[in-house]
Amino acid sequence: MRTLKNIFGSIIILSLLVSCKSENTNQLKKVVIGISSDIETINPIYSFSVDEGVIDETLFLSLVQFEWNDEIGDLDPKPMLATSWEWAPDSSYIIFNLRDDALWSDGVKLTSEDVVASFDIYSDPKVQSRFYGSFKNLYTDFDEHIDIIKTFEIISPLKLKIKFLPGSVPAMIDVVFPIIPKHIYEKMKREEISTSEINFNPVSNGAYKLKKWERNQTIVLEANRKSFLYKPGMIDEIIFKVIPDYNSRITQLEKGEIDFCELIKPLDVNELRKSGLLKITSVKGREYDYLGFNNIDIKSYAEKKVIKKNKLFGNPKVREALAYAINRNEILTEYLNNFGELAVTPVSPIFKQYYDNQLKPIEFNPDKAKKIFADEGWKDTDNNGILEKDNVEFKFTIYIPAGNPLREFAGTIIKNNLKAIGIDVSVEKLELGKFLDNLYDKKMDAWMASWYIQIPLELKTFWYSDLQSTPLNFVSYQSKDADRIIDKLSIRLPHNVKIEYYKKFQEIIYEDQPVTFLYWTDDIVAYNKRLKDVTINPFGALQKLWEWRFIE
Amino acid sequence: MNKEILISVSKRIITSFVVIFLLASFIFVLIRLAPGSPTQKFISPQLSPELANNVAKSFNLDKPIFTQYIYFVKNIFTGDLGISYNYRMPVLSVVKDYFLFTLFFASLSFLIQMIVSYFLVKISFYKSGGIIDKSLSKISLILFVTPSFVLGLMLVYIFSVQLDWLPTSGIKSIYHEDFSLANQIWDYAVHLILPLITLSAAGIAVFYLYLRDSIAEIYNQSFIINLRANGYTEKNIFNKHIIPNAIRPLVSIAGIEFGILLGGALITEVIFSLPGMGRLTVDAIFNRDFPLVIGCSLIAGLMMVLTNLLADLIKIKIDKRLVKDLLQ
């Protein structure tokens, strides 16, 4: 017994000693960012997730840096590896002037050759880059590999011309990709890049470079003193700490063990505020939840590829009635603690110039919903509490992915709301893999999910009628009017006309209600008050980490 | 006799390998029949639709399951478990780091379970029927039924949040490299205290209860009474006669427990952010990383077989009469 006492006592004393040591080393400029899962790659060729994107942006710079302009609700290009650029009057090419002080972390100078090599590698099908197929406005071969000769003209080591496909509508976003080092990749076979050592030990050009990556533990970035972005006062080390358990992340945030954390649950905000150590803010308007209905008959489409209206959800009036029947405000206030706003259409309010303020969220009005159903012929003729029409009862299952408390809460509210107007709804949870399979294969009539929206605004992928070319139009929305607008938006248009088209599109969607748009959910972010110059806006919670400073 | 043992052990190893191969084949089929696809993450508004097809092709996922199985069997016999879809590294390289941690962590936990339960049993034996004995029995029952996530979070709340004595998670602090060697070792030690308690508590309770019951049974047997009548001391009887007899049934349980520990301790690893096999396996399943799932399962299966074999060998060492059982 005495031995046990001694062991325990020693451990406590020594742990206290180590704690003291920790306090002494707190003078080092290190920032710890808590993330929920480890990244899979540190190579921008393959990075997919948000965290990978953040780390890549810090390690690998692009020709220009996009910044969020809150006045207009759009991105502004700012000089980065390129000091300036010049568009051809007809937008057939763009000329970039590169910085002469941009260096790779191994000391080699960055030149136009690196830019060309980056595009070449990204578009090579053998490499399987995430950017593969993203070069529609450039000259490409049959396999979508960029035609280097036709596309690029190296005017000098620091001056480069990029030519666009005639008739295309190029934008800056078409040429903004992380630049990777030619002198490293030219030694490798393209097929072998995906499994090469460079994926874990990169040569980068950014404000930080990789110091250490301990799998499922930490990713440590250290300030790259050779970078033109390096300035005194910059944080010496940025550490991404993998903490899979949400409660542990919150505890560590409160204790000051980590400095920054995203995706805070609304119910924890008050508790975190009480600690006095943290600043709470949020990224708005990037993700919306929706109640999806298959607008077409899934059986006919699956068996014969014939598009027929869905018996329950094919009528826009019925979909509108469903929107009236659901109390979205209750979910917003009760669960989300008002960290979000009601969604009107898929166009986020963050796109201020394109967003149609005239359209208001559909109110919760069960009487109106009942009236619309009655007008459309849905009546409870057999008095069993369920509406029917042509011997078909209005009953369906809403599928939700398992492990999402918000959707479970929302599912219960929606079920009760719809039951009150005579619709029999059941809510069923599916494992995420199964849920996604069913979504892609159009095997569900109704479900609840969310979309994380792109910047800049993208509509065709989700709302174009041709289901073969738009597999992400899960609801199989069919509208010739919407298609016409989407087609027009893909050609060169004066800016004011473009804005008009975006607003017209929102009107069409508002009228058709292809889904019930529920709410935009905020990404709640908490960070230690010792940090300053932290930029958080709709473009992201973690951006331009090289600008972060400690309050002295 | 030695030759017979050798042949028997060899036979057992061969059968074990067959079992492991069948296990891998079963998982191979099962995970491919499960919903979800490894290329699902390549379908996104930001990505070209062709990319998912290209990736599927490069991993042979576009081929029929039987063809994929043939490739798998060919690879497995050359010791190649394939490339992890997510890590884009050979499976064995990915598993290596996680397994080393698990091996260390599980061994330490196992050792703690054995030692602590032994000492507790000893205390309880000497205070048999007293308040300590009764309390230990009750506490061990409570520990046994307490889910590890409850215990883990409770420990974090008490020792990390309220008392601020111990770190909440990870295996080392972010200032680890700035410490001296001695402090680095202690940094590891303090980080592992709460995870080890969480992981070991239930095991200690199990071993304690088994050993205590076993001892109680042997204690009343006639040969013990005989020894006592012959003037042997209680200490001598306990160490030389009761423990060796009582420990035998425990060895099999210990073998299974150690095998399970070596397969990973998911809950503890998640609560304390530890880089172990449990988390790796579950992440691989969620990401539909087929080669990695099979790699992790193989390791877990192999460990279970090895620890059981080891347990049998230990039993023979304790009691030579058990050789016959093994030979059969």
# chains A, B, ... in the order shown; residues from 1 in each chain; ligands from 1
>>> residues_around(residues="range 367-372 of chain A", least_positions_apart="3", cutoff="6 Å", atoms="only C-alpha atoms", output="PyMOL selection string")
chain A and resi 321+324-325+375
>>> write_last_selection(atoms="N, CA, C and O atoms", output="mmCIF file, in the first residue's frame")
data_model
loop_
_atom_site.group_PDB
_atom_site.id
_atom_site.type_symbol
_atom_site.label_atom_id
_atom_site.label_comp_id
_atom_site.auth_asym_id
_atom_site.auth_seq_id
_atom_site.Cartn_x
_atom_site.Cartn_y
_atom_site.Cartn_z
ATOM 1 N N ALA A 321 -46.547 24.190 -50.205
ATOM 2 C CA ALA A 321 -47.365 23.929 -49.013
ATOM 3 C C ALA A 321 -46.532 23.270 -47.921
ATOM 4 O O ALA A 321 -46.676 23.586 -46.729
ATOM 5 N N TYR A 324 -44.674 25.889 -46.116
ATOM 6 C CA TYR A 324 -45.526 26.624 -45.183
ATOM 7 C C TYR A 324 -45.786 25.826 -43.902
ATOM 8 O O TYR A 324 -45.988 26.385 -42.835
ATOM 9 N N ALA A 325 -45.766 24.515 -44.030
ATOM 10 C CA ALA A 325 -46.143 23.670 -42.889
ATOM 11 C C ALA A 325 -45.018 23.471 -41.880
ATOM 12 O O ALA A 325 -45.258 22.995 -40.767
ATOM 13 N N ASP A 375 -56.664 22.726 -52.184
ATOM 14 C CA ASP A 375 -56.826 23.238 -53.556
ATOM 15 C C ASP A 375 -56.235 22.286 -54.587
ATOM 16 O O ASP A 375 -56.708 22.204 -55.716
#
>>> interface_residues(of="chain B", to="chain A", cutoff="6 Å", atoms="only C-alpha atoms", output="PyMOL selection string")
chain B and resi 35-36+48+87-89+190+270-271+273+275
>>> residues_around(residues="range 312-315 of chain A", least_positions_apart="5", cutoff="7 Å", atoms="only C-alpha atoms", output="PyMOL selection string")
chain A and resi 293-296+394
>>> select_by_dssp(residues="range 331-503 of chain A", states="strand (DSSP E)", output="ChimeraX atom specification")
/A:340-342,388-389,392-393,395-401,424-430,446-452
>>> write_last_selection(atoms="N, CA and C atoms", output="PDB file, in the first residue's frame")
ATOM      1  N   GLY A 340     -27.554  31.419 -37.239  1.00  0.00           N
ATOM      2  CA  GLY A 340     -27.929  31.086 -38.605  1.00  0.00           C
ATOM      3  C   GLY A 340     -29.079  31.973 -39.017  1.00  0.00           C
ATOM      4  N   GLU A 341     -29.612  31.750 -40.185  1.00  0.00           N
ATOM      5  CA  GLU A 341     -30.796  32.496 -40.614  1.00  0.00           C
ATOM      6  C   GLU A 341     -31.610  31.646 -41.566  1.00  0.00           C
ATOM      7  N   LEU A 342     -32.886  31.970 -41.682  1.00  0.00           N
ATOM      8  CA  LEU A 342     -33.742  31.172 -42.545  1.00  0.00           C
ATOM      9  C   LEU A 342     -33.275  31.287 -43.992  1.00  0.00           C
ATOM     10  N   GLU A 388     -55.215  12.274 -48.751  1.00  0.00           N
ATOM     11  CA  GLU A 388     -55.048  11.355 -49.890  1.00  0.00           C
ATOM     12  C   GLU A 388     -55.596  11.984 -51.164  1.00  0.00           C
ATOM     13  N   LYS A 389     -55.124  11.437 -52.270  1.00  0.00           N
ATOM     14  CA  LYS A 389     -55.589  11.912 -53.577  1.00  0.00           C
ATOM     15  C   LYS A 389     -55.424  10.740 -54.539  1.00  0.00           C
ATOM     16  N   VAL A 392     -54.022   7.608 -53.198  1.00  0.00           N
ATOM     17  CA  VAL A 392     -52.631   7.607 -52.696  1.00  0.00           C
ATOM     18  C   VAL A 392     -52.580   8.464 -51.439  1.00  0.00           C
ATOM     19  N   GLU A 393     -52.113   7.878 -50.349  1.00  0.00           N
ATOM     20  CA  GLU A 393     -51.996   8.646 -49.096  1.00  0.00           C
ATOM     21  C   GLU A 393     -50.706   9.452 -49.110  1.00  0.00           C
ATOM     22  N   LYS A 395     -47.910   9.976 -47.455  1.00  0.00           N
ATOM     23  CA  LYS A 395     -47.003   9.496 -46.396  1.00  0.00           C
ATOM     24  C   LYS A 395     -45.638   9.192 -47.008  1.00  0.00           C
ATOM     25  N   PHE A 396     -44.619   9.508 -46.291  1.00  0.00           N
ATOM     26  CA  PHE A 396     -43.258   9.266 -46.792  1.00  0.00           C
ATOM     27  C   PHE A 396     -42.259   9.214 -45.637  1.00  0.00           C
ATOM     28  N   THR A 397     -41.049   8.770 -45.984  1.00  0.00           N
ATOM     29  CA  THR A 397     -39.971   8.681 -44.983  1.00  0.00           C
ATOM     30  C   THR A 397     -38.914   9.730 -45.299  1.00  0.00           C
ATOM     31  N   ILE A 398     -38.499  10.434 -44.261  1.00  0.00           N
ATOM     32  CA  ILE A 398     -37.368  11.364 -44.430  1.00  0.00           C
ATOM     33  C   ILE A 398     -36.121  10.642 -43.938  1.00  0.00           C
ATOM     34  N   TYR A 399     -35.141  10.492 -44.807  1.00  0.00           N
ATOM     35  CA  TYR A 399     -33.886   9.835 -44.413  1.00  0.00           C
ATOM     36  C   TYR A 399     -32.880  10.890 -43.991  1.00  0.00           C
ATOM     37  N   ILE A 400     -32.189  10.597 -42.903  1.00  0.00           N
ATOM     38  CA  ILE A 400     -31.128  11.514 -42.452  1.00  0.00           C
ATOM     39  C   ILE A 400     -29.871  10.705 -42.167  1.00  0.00           C
ATOM     40  N   PRO A 401     -28.687  11.301 -42.390  1.00  0.00           N
ATOM     41  CA  PRO A 401     -27.472  10.566 -42.045  1.00  0.00           C
ATOM     42  C   PRO A 401     -27.341  10.425 -40.530  1.00  0.00           C
ATOM     43  N   ASP A 424     -48.315  11.879 -43.086  1.00  0.00           N
ATOM     44  CA  ASP A 424     -47.709  10.859 -42.235  1.00  0.00           C
ATOM     45  C   ASP A 424     -46.223  10.729 -42.602  1.00  0.00           C
ATOM     46  N   VAL A 425     -45.378  11.134 -41.681  1.00  0.00           N
ATOM     47  CA  VAL A 425     -43.937  11.137 -41.960  1.00  0.00           C
ATOM     48  C   VAL A 425     -43.217  10.265 -40.944  1.00  0.00           C
ATOM     49  N   SER A 426     -42.282   9.482 -41.431  1.00  0.00           N
ATOM     50  CA  SER A 426     -41.385   8.806 -40.483  1.00  0.00           C
ATOM     51  C   SER A 426     -39.970   9.274 -40.781  1.00  0.00           C
ATOM     52  N   VAL A 427     -39.136   9.265 -39.753  1.00  0.00           N
ATOM     53  CA  VAL A 427     -37.750   9.703 -39.931  1.00  0.00           C
ATOM     54  C   VAL A 427     -36.858   8.501 -39.702  1.00  0.00           C
ATOM     55  N   GLU A 428     -35.962   8.257 -40.657  1.00  0.00           N
ATOM     56  CA  GLU A 428     -35.096   7.085 -40.544  1.00  0.00           C
ATOM     57  C   GLU A 428     -33.631   7.499 -40.717  1.00  0.00           C
ATOM     58  N   LYS A 429     -32.792   6.957 -39.819  1.00  0.00           N
ATOM     59  CA  LYS A 429     -31.364   7.281 -39.904  1.00  0.00           C
ATOM     60  C   LYS A 429     -30.647   6.244 -40.758  1.00  0.00           C
ATOM     61  N   LEU A 430     -29.716   6.725 -41.574  1.00  0.00           N
ATOM     62  CA  LEU A 430     -28.919   5.806 -42.388  1.00  0.00           C
ATOM     63  C   LEU A 430     -27.445   6.080 -42.148  1.00  0.00           C
ATOM     64  N   ALA A 446     -37.416  11.357 -50.042  1.00  0.00           N
ATOM     65  CA  ALA A 446     -37.221  12.556 -49.214  1.00  0.00           C
ATOM     66  C   ALA A 446     -36.064  12.346 -48.251  1.00  0.00           C
ATOM     67  N   TRP A 447     -35.330  13.402 -48.004  1.00  0.00           N
ATOM     68  CA  TRP A 447     -34.175  13.298 -47.114  1.00  0.00           C
ATOM     69  C   TRP A 447     -33.821  14.687 -46.580  1.00  0.00           C
ATOM     70  N   MET A 448     -32.969  14.712 -45.594  1.00  0.00           N
ATOM     71  CA  MET A 448     -32.484  15.989 -45.087  1.00  0.00           C
ATOM     72  C   MET A 448     -30.966  15.988 -45.172  1.00  0.00           C
ATOM     73  N   ALA A 449     -30.422  17.028 -45.757  1.00  0.00           N
ATOM     74  CA  ALA A 449     -28.969  17.104 -45.903  1.00  0.00           C
ATOM     75  C   ALA A 449     -28.575  18.576 -45.962  1.00  0.00           C
ATOM     76  N   SER A 450     -27.343  18.846 -46.303  1.00  0.00           N
ATOM     77  CA  SER A 450     -26.910  20.240 -46.418  1.00  0.00           C
ATOM     78  C   SER A 450     -25.987  20.384 -47.619  1.00  0.00           C
ATOM     79  N   TRP A 451     -25.862  21.593 -48.067  1.00  0.00           N
ATOM     80  CA  TRP A 451     -24.871  21.913 -49.093  1.00  0.00           C
ATOM     81  C   TRP A 451     -23.902  22.960 -48.558  1.00  0.00           C
ATOM     82  N   TYR A 452     -22.615  22.683 -48.741  1.00  0.00           N
ATOM     83  CA  TYR A 452     -21.598  23.683 -48.440  1.00  0.00           C
ATOM     84  C   TYR A 452     -21.345  24.401 -49.764  1.00  0.00           C
TER      85      TYR A 452
END
>>> select_by_dssp(residues="range 209-316 of chain B", states="helix (DSSP H, G or I)", output="count of residues only")
91
>>> closest_residue(among="B:Ser140, B:Asn75, B:Gln184, B:Ser117", to="Ile247 in chain B", atoms="only C-alpha atoms")
B:Ser117
>>> atom_distance(atom1="CA of Asn357 in chain A", atom2="CA of Val475 in chain A")
25.2 Å
>>> residues_around(residues="range 59-67 of chain A", least_positions_apart="3", cutoff="10 Å", atoms="only C-alpha atoms", output="ChimeraX atom specification")
/A:42-44,53-56,70,74-85,96-99,102,104-105,115,172-173,175-181,202-210,221-224,537,539,543-544
>>> closest_residue(among="A:Ser118, A:Tyr301, A:His145, A:Arg286", to="Ala541 in chain A", atoms="only C-alpha atoms")
A:Arg286
>>> residues_around(residues="range 127-137 of chain B", least_positions_apart="3", cutoff="9 Å", atoms="only C-alpha atoms", output="ChimeraX atom specification")
/B:120-124,140-142,205,208-209,212
>>> residues_around(residues="Ile299 in chain B", least_positions_apart="4", cutoff="8 Å", atoms="only C-alpha atoms", output="MDAnalysis selection string")
chainID B and resid 263 295 303
>>> atom_distance(atom1="CA of Leu138 in chain A", atom2="CA of Leu165 in chain A")
5.1 Å
>>> residues_around(residues="Asp481 in chain A", least_positions_apart="5", cutoff="12 Å", atoms="only C-alpha atoms", output="list in words")
Trp463, Tyr464, Ser465, Ile486, Asp487, Lys488, Tyr501, Lys504, Phe505, Gln506, Glu507, Ile508, Ile509, Glu511 and Asp512 of chain A
>>> write_last_selection(atoms="C-alpha atoms", output="tab-separated table (two decimals), in the first residue's frame")
chain	number	residue	atom	x	y	z
A	463	TRP	CA	-30.00	22.97	-60.54
A	464	TYR	CA	-29.56	22.14	-64.23
A	465	SER	CA	-32.20	19.78	-65.64
A	486	ILE	CA	-27.99	29.07	-66.22
A	487	ASP	CA	-27.00	28.82	-69.91
A	488	LYS	CA	-27.02	32.58	-70.28
A	501	TYR	CA	-30.25	36.91	-64.24
A	504	LYS	CA	-34.49	36.00	-61.88
A	505	PHE	CA	-33.07	32.56	-61.08
A	506	GLN	CA	-33.87	33.05	-57.41
A	507	GLU	CA	-37.44	34.04	-58.27
A	508	ILE	CA	-37.89	30.83	-60.28
A	509	ILE	CA	-36.49	28.69	-57.50
A	511	GLU	CA	-41.70	29.78	-56.96
A	512	ASP	CA	-40.82	26.15	-57.66
>>> closest_residue(among="B:Val29, B:Ala189, B:Leu100, B:Ala284", to="Gln68 in chain B", atoms="only C-alpha atoms")
B:Val29
>>> atom_distance(atom1="CA of Ile7 in chain B", atom2="CA of Val19 in chain B")
18.2 Å
>>> decode(residues="range 161-179 of chain B", atoms="N, CA, C and O atoms", output="PDB file, in the first residue's frame")
ATOM      1  N   VAL B 161      -9.599  19.289 -15.731  1.00  0.00           N
ATOM      2  CA  VAL B 161     -10.354  20.549 -15.723  1.00  0.00           C
ATOM      3  C   VAL B 161     -10.382  21.159 -14.325  1.00  0.00           C
ATOM      4  O   VAL B 161      -9.992  22.305 -14.139  1.00  0.00           O
ATOM      5  N   GLN B 162     -10.804  20.383 -13.327  1.00  0.00           N
ATOM      6  CA  GLN B 162     -10.959  20.950 -11.986  1.00  0.00           C
ATOM      7  C   GLN B 162      -9.623  21.128 -11.271  1.00  0.00           C
ATOM      8  O   GLN B 162      -9.320  22.203 -10.784  1.00  0.00           O
ATOM      9  N   LEU B 163      -8.834  20.052 -11.211  1.00  0.00           N
ATOM     10  CA  LEU B 163      -7.578  20.134 -10.443  1.00  0.00           C
ATOM     11  C   LEU B 163      -6.416  20.671 -11.281  1.00  0.00           C
ATOM     12  O   LEU B 163      -5.431  21.157 -10.734  1.00  0.00           O
ATOM     13  N   ASP B 164      -6.546  20.567 -12.606  1.00  0.00           N
ATOM     14  CA  ASP B 164      -5.500  21.026 -13.522  1.00  0.00           C
ATOM     15  C   ASP B 164      -4.148  20.359 -13.226  1.00  0.00           C
ATOM     16  O   ASP B 164      -3.095  20.988 -13.278  1.00  0.00           O
ATOM     17  N   TRP B 165      -4.189  19.088 -12.899  1.00  0.00           N
ATOM     18  CA  TRP B 165      -2.958  18.363 -12.591  1.00  0.00           C
ATOM     19  C   TRP B 165      -2.377  17.679 -13.828  1.00  0.00           C
ATOM     20  O   TRP B 165      -1.167  17.574 -13.952  1.00  0.00           O
ATOM     21  N   LEU B 166      -3.269  17.174 -14.624  1.00  0.00           N
ATOM     22  CA  LEU B 166      -2.807  16.349 -15.748  1.00  0.00           C
ATOM     23  C   LEU B 166      -3.342  16.869 -17.076  1.00  0.00           C
ATOM     24  O   LEU B 166      -4.404  17.484 -17.120  1.00  0.00           O
ATOM     25  N   PRO B 167      -2.608  16.628 -18.163  1.00  0.00           N
ATOM     26  CA  PRO B 167      -3.077  17.107 -19.474  1.00  0.00           C
ATOM     27  C   PRO B 167      -4.321  16.354 -19.940  1.00  0.00           C
ATOM     28  O   PRO B 167      -4.558  15.216 -19.521  1.00  0.00           O
ATOM     29  N   THR B 168      -5.091  17.002 -20.794  1.00  0.00           N
ATOM     30  CA  THR B 168      -6.368  16.408 -21.214  1.00  0.00           C
ATOM     31  C   THR B 168      -6.200  15.340 -22.296  1.00  0.00           C
ATOM     32  O   THR B 168      -6.943  14.369 -22.308  1.00  0.00           O
ATOM     33  N   SER B 169      -5.239  15.548 -23.201  1.00  0.00           N
ATOM     34  CA  SER B 169      -5.138  14.563 -24.286  1.00  0.00           C
ATOM     35  C   SER B 169      -3.771  14.610 -24.971  1.00  0.00           C
ATOM     36  O   SER B 169      -2.932  15.446 -24.643  1.00  0.00           O
ATOM     37  N   GLY B 170      -3.590  13.700 -25.893  1.00  0.00           N
ATOM     38  CA  GLY B 170      -2.320  13.642 -26.629  1.00  0.00           C
ATOM     39  C   GLY B 170      -1.311  12.778 -25.900  1.00  0.00           C
ATOM     40  O   GLY B 170      -1.557  12.326 -24.770  1.00  0.00           O
ATOM     41  N   ILE B 171      -0.159  12.560 -26.548  1.00  0.00           N
ATOM     42  CA  ILE B 171       0.860  11.774 -25.853  1.00  0.00           C
ATOM     43  C   ILE B 171       2.034  12.632 -25.396  1.00  0.00           C
ATOM     44  O   ILE B 171       2.921  12.175 -24.686  1.00  0.00           O
ATOM     45  N   LYS B 172       2.012  13.888 -25.813  1.00  0.00           N
ATOM     46  CA  LYS B 172       3.054  14.804 -25.327  1.00  0.00           C
ATOM     47  C   LYS B 172       2.564  16.234 -25.500  1.00  0.00           C
ATOM     48  O   LYS B 172       1.647  16.491 -26.287  1.00  0.00           O
ATOM     49  N   SER B 173       3.197  17.163 -24.799  1.00  0.00           N
ATOM     50  CA  SER B 173       2.761  18.545 -24.904  1.00  0.00           C
ATOM     51  C   SER B 173       3.392  19.194 -26.131  1.00  0.00           C
ATOM     52  O   SER B 173       4.365  18.668 -26.689  1.00  0.00           O
ATOM     53  N   ILE B 174       2.873  20.333 -26.523  1.00  0.00           N
ATOM     54  CA  ILE B 174       3.404  20.987 -27.730  1.00  0.00           C
ATOM     55  C   ILE B 174       4.795  21.587 -27.481  1.00  0.00           C
ATOM     56  O   ILE B 174       5.493  21.940 -28.413  1.00  0.00           O
ATOM     57  N   TYR B 175       5.162  21.693 -26.215  1.00  0.00           N
ATOM     58  CA  TYR B 175       6.500  22.221 -25.889  1.00  0.00           C
ATOM     59  C   TYR B 175       7.492  21.097 -25.612  1.00  0.00           C
ATOM     60  O   TYR B 175       8.574  21.325 -25.107  1.00  0.00           O
ATOM     61  N   HIS B 176       7.081  19.903 -25.939  1.00  0.00           N
ATOM     62  CA  HIS B 176       7.854  18.702 -25.646  1.00  0.00           C
ATOM     63  C   HIS B 176       9.317  18.829 -26.076  1.00  0.00           C
ATOM     64  O   HIS B 176      10.231  18.467 -25.333  1.00  0.00           O
ATOM     65  N   GLU B 177       9.522  19.352 -27.269  1.00  0.00           N
ATOM     66  CA  GLU B 177      10.904  19.412 -27.783  1.00  0.00           C
ATOM     67  C   GLU B 177      11.770  20.421 -27.052  1.00  0.00           C
ATOM     68  O   GLU B 177      12.992  20.388 -27.165  1.00  0.00           O
ATOM     69  N   ASP B 178      11.132  21.337 -26.341  1.00  0.00           N
ATOM     70  CA  ASP B 178      11.920  22.326 -25.590  1.00  0.00           C
ATOM     71  C   ASP B 178      12.359  21.776 -24.231  1.00  0.00           C
ATOM     72  O   ASP B 178      13.140  22.408 -23.539  1.00  0.00           O
ATOM     73  N   PHE B 179      11.866  20.611 -23.869  1.00  0.00           N
ATOM     74  CA  PHE B 179      12.194  20.036 -22.562  1.00  0.00           C
ATOM     75  C   PHE B 179      13.523  19.284 -22.595  1.00  0.00           C
ATOM     76  O   PHE B 179      13.972  18.855 -23.659  1.00  0.00           O
TER      77      PHE B 179
END
